[in-house]
Every structure is written in C-alpha cells, then in structure tokens.
file input-v8.cif (mmCIF, C-alpha atoms)
data_query
loop_
_atom_site.group_PDB
_atom_site.id
_atom_site.type_symbol
_atom_site.label_atom_id
_atom_site.label_comp_id
_atom_site.auth_asym_id
_atom_site.auth_seq_id
_atom_site.Cartn_x
_atom_site.Cartn_y
_atom_site.Cartn_z
ATOM 1 C CA ASP A 201 0.000 0.000 0.000
ATOM 2 C CA GLU A 202 1.619 3.275 -1.132
ATOM 3 C CA ARG A 203 -0.751 5.497 0.821
ATOM 4 C CA ASP A 204 0.433 7.343 3.911
ATOM 5 C CA PRO A 205 -0.008 5.393 7.162
ATOM 6 C CA ARG A 206 -3.147 6.217 9.118
ATOM 7 C CA TYR A 207 -3.730 6.113 12.850
ATOM 8 C CA LYS A 208 -6.909 5.683 14.864
ATOM 9 C CA LEU A 209 -7.495 6.217 18.573
ATOM 10 C CA LEU A 210 -9.243 3.635 20.644
ATOM 11 C CA GLU A 211 -12.783 4.811 21.388
ATOM 12 C CA SER A 212 -12.127 5.260 25.111
ATOM 13 C CA GLN A 213 -9.071 7.417 24.380
ATOM 14 C CA ARG A 214 -10.958 9.422 21.775
ATOM 15 C CA LEU A 215 -13.796 10.171 24.195
ATOM 16 C CA LEU A 216 -11.309 11.225 26.885
ATOM 17 C CA ALA A 217 -9.571 13.552 24.404
ATOM 18 C CA VAL A 218 -12.924 15.081 23.377
ATOM 19 C CA GLU A 219 -13.850 15.582 27.034
ATOM 20 C CA GLN A 220 -10.532 17.320 27.734
ATOM 21 C CA LEU A 221 -10.918 19.541 24.676
ATOM 22 C CA ARG A 222 -14.358 20.625 25.869
ATOM 23 C CA ALA A 223 -13.059 21.269 29.380
ATOM 24 C CA ALA A 224 -10.315 23.468 27.909
ATOM 25 C CA GLY A 225 -12.815 25.332 25.722
ATOM 26 C CA GLU A 226 -11.000 24.242 22.553
ATOM 27 C CA ASP A 227 -13.541 21.801 21.100
ATOM 28 C CA GLU A 228 -15.312 24.282 18.824
ATOM 29 C CA VAL A 229 -12.066 25.772 17.513
ATOM 30 C CA LEU A 230 -10.723 22.328 16.676
ATOM 31 C CA ARG A 231 -13.929 21.269 14.908
ATOM 32 C CA ARG A 232 -13.871 24.450 12.830
ATOM 33 C CA ARG A 233 -10.243 23.871 11.810
ATOM 34 C CA HIS A 234 -11.042 20.233 11.056
ATOM 35 C CA ALA A 235 -13.983 21.178 8.796
ATOM 36 C CA HIS A 236 -11.957 23.798 6.931
ATOM 37 C CA ALA A 237 -9.060 21.371 6.431
ATOM 38 C CA LEU A 238 -11.413 18.672 5.103
ATOM 39 C CA ALA A 239 -13.145 21.154 2.783
ATOM 40 C CA ALA A 240 -9.798 22.261 1.333
ATOM 41 C CA ALA A 241 -8.645 18.658 0.855
ATOM 42 C CA PHE A 242 -11.918 17.575 -0.761
ATOM 43 C CA ALA A 243 -12.006 20.651 -3.009
ATOM 44 C CA ALA A 244 -8.514 19.761 -4.244
ATOM 45 C CA ALA A 245 -9.654 16.165 -4.722
ATOM 46 C CA TRP A 246 -12.612 17.361 -6.814
ATOM 47 C CA ASP A 247 -10.252 19.138 -9.203
ATOM 48 C CA GLU A 248 -7.972 16.108 -9.314
ATOM 49 C CA ARG A 249 -10.892 13.823 -10.181
ATOM 50 C CA TRP A 250 -11.467 15.551 -13.521
ATOM 51 C CA SER A 251 -7.798 16.237 -14.279
ATOM 52 C CA GLY A 252 -7.090 12.962 -16.079
ATOM 53 C CA ARG A 253 -4.047 12.379 -13.855
ATOM 54 C CA ILE A 254 -5.674 9.553 -11.907
ATOM 55 C CA GLY A 255 -8.275 6.865 -12.533
ATOM 56 C CA MET A 256 -11.604 6.931 -10.729
ATOM 57 C CA GLU A 257 -10.992 3.847 -8.573
ATOM 58 C CA PRO A 258 -7.554 4.912 -7.265
ATOM 59 C CA TRP A 259 -8.987 8.395 -6.690
ATOM 60 C CA ALA A 260 -11.891 7.071 -4.620
ATOM 61 C CA SER A 261 -9.632 4.717 -2.677
ATOM 62 C CA ARG A 262 -7.542 7.714 -1.593
ATOM 63 C CA LEU A 263 -10.584 9.557 -0.251
ATOM 64 C CA LEU A 264 -12.588 6.794 1.381
ATOM 65 C CA PRO A 265 -10.309 6.460 4.433
ATOM 66 C CA ASP A 266 -11.407 10.026 5.272
ATOM 67 C CA ALA A 267 -15.140 9.334 4.819
ATOM 68 C CA SER A 268 -15.783 9.308 8.558
ATOM 69 C CA ASN A 269 -13.805 12.565 8.962
ATOM 70 C CA ALA A 270 -15.880 14.018 6.130
ATOM 71 C CA ARG A 271 -19.147 13.026 7.815
ATOM 72 C CA ASP A 272 -18.053 14.679 11.065
ATOM 73 C CA ALA A 273 -17.010 17.851 9.214
ATOM 74 C CA ILE A 274 -20.306 17.976 7.290
ATOM 75 C CA ALA A 275 -22.283 17.618 10.537
ATOM 76 C CA TRP A 276 -20.318 20.449 12.163
ATOM 77 C CA ALA A 277 -20.578 22.731 9.119
ATOM 78 C CA ARG A 278 -24.345 22.190 8.866
ATOM 79 C CA ALA A 279 -24.816 23.062 12.533
ATOM 80 C CA ALA A 280 -22.542 26.099 12.146
ATOM 81 C CA GLY A 281 -24.435 27.390 9.088
ATOM 82 C CA GLU A 282 -21.502 27.001 6.674
ATOM 83 C CA PRO A 283 -23.109 25.796 3.410
ATOM 84 C CA ALA A 284 -19.958 26.289 1.328
ATOM 85 C CA LEU A 285 -17.996 23.948 3.579
ATOM 86 C CA VAL A 286 -20.813 21.392 3.491
ATOM 87 C CA VAL A 287 -21.000 21.334 -0.314
ATOM 88 C CA ALA A 288 -17.217 21.337 -0.821
ATOM 89 C CA ILE A 289 -17.052 18.106 1.166
ATOM 90 C CA ALA A 290 -20.418 16.503 0.342
ATOM 91 C CA ALA A 291 -20.233 16.826 -3.460
ATOM 92 C CA THR A 292 -16.816 15.163 -3.540
ATOM 93 C CA LEU A 293 -17.772 12.441 -1.063
ATOM 94 C CA PHE A 294 -20.857 11.706 -3.205
ATOM 95 C CA HIS A 295 -18.605 10.720 -6.121
ATOM 96 C CA ALA A 296 -16.085 8.845 -3.961
ATOM 97 C CA LEU A 297 -18.596 6.537 -2.264
ATOM 98 C CA PRO A 298 -19.334 3.236 -4.002
ATOM 99 C CA ARG A 299 -22.745 2.729 -5.603
ATOM 100 C CA SER A 300 -23.485 0.163 -2.895
ATOM 101 C CA ALA A 301 -23.654 3.123 -0.466
ATOM 102 C CA HIS A 302 -26.780 4.273 -2.302
ATOM 103 C CA PRO A 303 -28.730 5.724 0.690
ATOM 104 C CA GLU A 304 -25.785 7.843 1.816
ATOM 105 C CA ARG A 305 -25.032 9.007 -1.730
ATOM 106 C CA MET A 306 -28.643 10.085 -2.222
ATOM 107 C CA ALA A 307 -28.656 11.882 1.140
ATOM 108 C CA LEU A 308 -25.527 13.787 0.082
ATOM 109 C CA ALA A 309 -27.106 14.674 -3.262
ATOM 110 C CA ASP A 310 -30.245 15.924 -1.487
ATOM 111 C CA LEU A 311 -28.053 17.989 0.826
ATOM 112 C CA CYS A 312 -26.215 19.573 -2.112
ATOM 113 C CA GLU A 313 -29.518 20.404 -3.803
ATOM 114 C CA ALA A 314 -30.941 21.945 -0.622
ATOM 115 C CA LEU A 315 -27.896 24.190 -0.119
ATOM 116 C CA ALA A 316 -27.106 25.123 -3.727
ATOM 117 C CA GLU A 317 -29.187 28.323 -3.742
ATOM 118 C CA GLN A 318 -27.375 29.549 -0.611
ATOM 119 C CA LEU A 319 -24.041 29.591 -2.457
ATOM 120 C CA VAL A 320 -22.626 32.410 -4.536
ATOM 121 C CA PRO A 321 -23.086 31.382 -8.198
ATOM 122 C CA GLY A 322 -19.781 29.910 -9.296
ATOM 123 C CA PRO A 323 -17.849 26.637 -9.468
ATOM 124 C CA LEU A 324 -18.966 25.468 -6.015
ATOM 125 C CA GLN A 325 -22.637 26.038 -6.796
ATOM 126 C CA LEU A 326 -22.172 24.188 -10.089
ATOM 127 C CA ARG A 327 -20.646 21.308 -8.129
ATOM 128 C CA ALA A 328 -23.765 21.224 -5.935
ATOM 129 C CA TRP A 329 -26.146 21.155 -8.928
ATOM 130 C CA GLU A 330 -24.142 18.412 -10.632
ATOM 131 C CA ALA A 331 -24.228 16.191 -7.548
ATOM 132 C CA ALA A 332 -27.975 16.800 -7.290
ATOM 133 C CA VAL A 333 -28.948 15.754 -10.836
ATOM 134 C CA ARG A 334 -28.719 11.911 -10.493
ATOM 135 C CA PRO A 335 -31.659 11.318 -12.909
ATOM 136 C CA LEU A 336 -31.987 7.547 -12.551
ATOM 137 C CA TYR A 337 -32.507 7.736 -8.799
ATOM 138 C CA HIS A 338 -34.163 11.065 -8.076
ATOM 139 C CA ARG A 339 -37.472 10.635 -6.271
ATOM 140 C CA GLN A 340 -38.924 13.279 -8.611
ATOM 141 C CA GLN A 341 -37.398 12.845 -12.047
ATOM 142 C CA GLN A 342 -38.864 16.101 -13.328
ATOM 143 C CA GLN A 343 -36.956 17.828 -10.538
ATOM 144 C CA SER A 344 -33.810 16.087 -11.727
ATOM 145 C CA LEU A 345 -34.303 17.609 -15.173
ATOM 146 C CA ALA A 346 -34.861 21.054 -13.638
ATOM 147 C CA VAL A 347 -31.676 20.755 -11.587
ATOM 148 C CA GLY A 348 -29.822 19.653 -14.715
ATOM 149 C CA GLY A 349 -31.080 22.790 -16.452
ATOM 150 C CA LYS A 350 -29.749 24.963 -13.621
ATOM 151 C CA ALA A 351 -26.368 23.254 -13.897
ATOM 152 C CA VAL A 352 -26.218 23.899 -17.657
ATOM 153 C CA ALA A 353 -27.239 27.560 -17.277
ATOM 154 C CA LEU A 354 -24.559 28.192 -14.659
ATOM 155 C CA ALA A 355 -21.950 26.207 -16.615
ATOM 156 C CA ARG A 356 -22.670 28.343 -19.704
ATOM 157 C CA ALA A 357 -22.158 31.525 -17.676
ATOM 158 C CA LEU A 358 -18.889 30.250 -16.223
ATOM 159 C CA ASP A 359 -17.723 28.919 -19.596
ATOM 160 C CA ARG A 360 -17.390 32.426 -21.014
ATOM 161 C CA ALA A 361 -14.302 33.049 -18.892
ATOM 162 C CA ALA A 362 -13.049 29.481 -18.478
ATOM 163 C CA ALA A 363 -9.964 27.984 -20.075
ATOM 164 C CA ASP A 364 -11.249 24.464 -19.419
ATOM 165 C CA ARG A 365 -14.603 23.636 -20.996
ATOM 166 C CA TRP A 366 -15.026 20.356 -19.121
ATOM 167 C CA PRO A 367 -17.544 21.800 -16.577
ATOM 168 C CA LEU A 368 -19.934 22.712 -19.407
ATOM 169 C CA TYR A 369 -19.405 19.313 -21.029
ATOM 170 C CA GLN A 370 -20.226 17.570 -17.755
ATOM 171 C CA ALA A 371 -23.296 19.739 -17.107
ATOM 172 C CA LEU A 372 -24.628 19.067 -20.611
ATOM 173 C CA SER A 373 -24.034 15.343 -20.148
ATOM 174 C CA GLY A 374 -26.046 15.396 -16.919
ATOM 175 C CA TRP A 375 -28.911 17.269 -18.556
ATOM 176 C CA ILE A 376 -28.969 14.882 -21.526
ATOM 177 C CA CYS A 377 -29.053 11.888 -19.199
ATOM 178 C CA ALA A 378 -31.904 13.425 -17.198
ATOM 179 C CA ALA A 379 -33.781 14.361 -20.358
ATOM 180 C CA SER A 380 -33.498 10.855 -21.762
ATOM 181 C CA VAL A 381 -34.949 9.399 -18.537
ATOM 182 C CA VAL A 382 -37.729 11.938 -18.070
ATOM 183 C CA ALA A 383 -38.497 12.078 -21.811
ATOM 184 C CA GLN A 384 -40.070 15.533 -21.547
ATOM 185 C CA PRO A 385 -37.895 17.613 -23.924
ATOM 186 C CA SER A 386 -38.386 17.322 -27.643
ATOM 187 C CA ALA A 387 -36.166 15.094 -29.742
ATOM 188 C CA GLN A 388 -34.881 18.277 -31.355
ATOM 189 C CA ALA A 389 -33.764 19.672 -27.988
ATOM 190 C CA LEU A 390 -31.868 16.461 -27.295
ATOM 191 C CA ARG A 391 -30.265 16.500 -30.746
ATOM 192 C CA GLU A 392 -29.128 20.096 -30.244
ATOM 193 C CA ALA A 393 -27.652 19.284 -26.841
ATOM 194 C CA LEU A 394 -25.814 16.266 -28.254
ATOM 195 C CA ALA A 395 -24.492 18.365 -31.128
ATOM 196 C CA GLU A 396 -23.200 20.968 -28.667
ATOM 197 C CA LEU A 397 -21.604 18.190 -26.640
ATOM 198 C CA GLY A 398 -19.828 17.048 -29.795
ATOM 199 C CA THR A 399 -18.370 20.502 -30.394
ATOM 200 C CA LEU A 400 -16.886 20.502 -26.896
ATOM 201 C CA GLU A 401 -15.115 17.169 -27.245
ATOM 202 C CA ASP A 402 -11.358 17.377 -27.322
ATOM 203 C CA PRO A 403 -9.609 14.098 -28.203
#
call {"tool": "encode", "arguments": {"input": "input-v8.cif", "output": "structure tokens"}}
result
Amino acid sequence: DERDPRYKLLESQRLLAVEQLRAAGEDEVLRRRHAHALAAAFAAAWDERWSGRIGMEPWASRLLPDASNARDAIAWARAAGEPALVVAIAATLFHALPRSAHPERMALADLCEALAEQLVPGPLQLRAWEAAVRPLYHRQQQQSLAVGGKAVALARALDRAAADRWPLYQALSGWICAASVVAQPSAQALREALAELGTLEDP
C-alpha cells in the first residue's frame, strides 16, 4: 500500500480527548479547523478527479479512508451554518462513495440540492447542482431535469471566462441523461444538446 499510514485512537481514548478539549474550551475551535481542512482537501480532490491524472478507482480509494472525517465535518458545518464547507465536502464524497452506499449518496445529493441556492453562483454552486442531478434515482425525475437545467445555465455563464470547458461538457451530459430518462424535452432539444456536446469534445 503506497498510501500514507493512518492512525486511529481507541474509542475510550478518543472520548477522553474530546472531554478534555471541551473542558479546555477548545472543542469548537478544533472542529472548525477540522472542517476547513477537510473542505480544502476535498475541493482539491474534486479538481484532481477531472484532471485525467488519476483513474476513478484509485482516486476514490484515496478519499474513502477520510469518509468518517468528512461526515463529522459535514455535521459540524451544517450546525454552524456554513453551506460552502458542506458542499465542498459533500459533493466530492458523493462521487467517492461506491454505488453500494446508495442511501448515503442520495442523502448527500439531497443535501447539495438543498444548499445550492445559498451559495454564490460559481464553481462550487455548479458542483452542488451536478451532484444533485442523479436522474436515474431522483425521487422526482422532473426535478432532476430542472436541476440539470440549472447546472447547464450556470456552466454556460462560467464557460465564457473558463480555459477548461469540461464543466460545461459535464453539465450538458447530466442534462442529456436526465432528459433521456424523463423524456419531456423534444427530440430536437436532445439532438441540439448532443451536437453541442460534440463541439466541446477534445480528443
């Protein structure tokens, strides 16, 4: 295993450490630092995922050891009213978890959708919309198509100043997938979206 070694406290030791942190008044400060560190690491991992430098399975295997840290950081950030931290971690964790973790993945996608409007329009909000699309599993497939439309609209706005056109390509792909499941848009709308997708492809 080429990954860095990892260490875990015994539960009794962990609880004692938490108790001492609270007694010293340092618990909240530590949790804030922990959440910010996880958000920065998961934001970097998001960029790495689409870079082409690493395959999806090795990428996920790097992140999954920190899944429990991510859950703790998400819980703290939600309670603290920090939607940007929540989405930075949750959207990345959504993609890292295996499909067998379906309930947790869907809960993360719901969380991203619920918080997306609270974010300043930009790459992080786009990340939230993209995690929320999931057309094959959304309880309301029409909502999935609507979310896909929001992702495309924001991706188009960001694309005007972007050197990398991958975010627009990904958003269009999500919308097309949702549209093919919901079957509401016209065949012409799908053809136009596929044609635009073709113009963005870069071998």
call {"tool": "residues_around", "arguments": {"input": "input-v8.cif", "residues": "Arg278 in chain A", "least_positions_apart": "2", "cutoff": "12 Å", "atoms": "all atoms listed in the file", "output": "PyMOL selection string"}}
result
chain A and resi 232+235+271-276+280-287+289-290+311-312+314-315
call {"tool": "closest_residue", "arguments": {"input": "input-v8.cif", "among": "A:Ala279, A:Ala245, A:Val382, A:Ala353", "to": "Leu263 in chain A", "atoms": "all atoms listed in the file"}}
result
A:Ala245
call {"tool": "atom_distance", "arguments": {"input": "input-v8.cif", "atom1": "CA of Leu400 in chain A", "atom2": "CA of Ala362 in chain A"}}
result
12.9 Å
call {"tool": "closest_residue", "arguments": {"input": "input-v8.cif", "among": "A:Leu372, A:Arg222, A:Tyr207, A:Trp259", "to": "Glu392 in chain A", "atoms": "only C-alpha atoms"}}
result
A:Leu372
call {"tool": "atom_distance", "arguments": {"input": "input-v8.cif", "atom1": "CA of Glu317 in chain A", "atom2": "CA of Asp359 in chain A"}}
result
19.6 Å
call {"tool": "closest_residue", "arguments": {"input": "input-v8.cif", "among": "A:Leu221, A:Leu324, A:Ala379, A:Leu297", "to": "Arg391 in chain A", "atoms": "only C-alpha atoms"}}
result
A:Ala379
call {"tool": "closest_residue", "arguments": {"input": "input-v8.cif", "among": "A:Ala217, A:Ala328, A:Ala288, A:Ala361", "to": "Val347 in chain A", "atoms": "only C-alpha atoms"}}
result
A:Ala328
call {"tool": "atom_distance", "arguments": {"input": "input-v8.cif", "atom1": "CA of Ala241 in chain A", "atom2": "CA of Ser268 in chain A"}}
result
14.1 Å
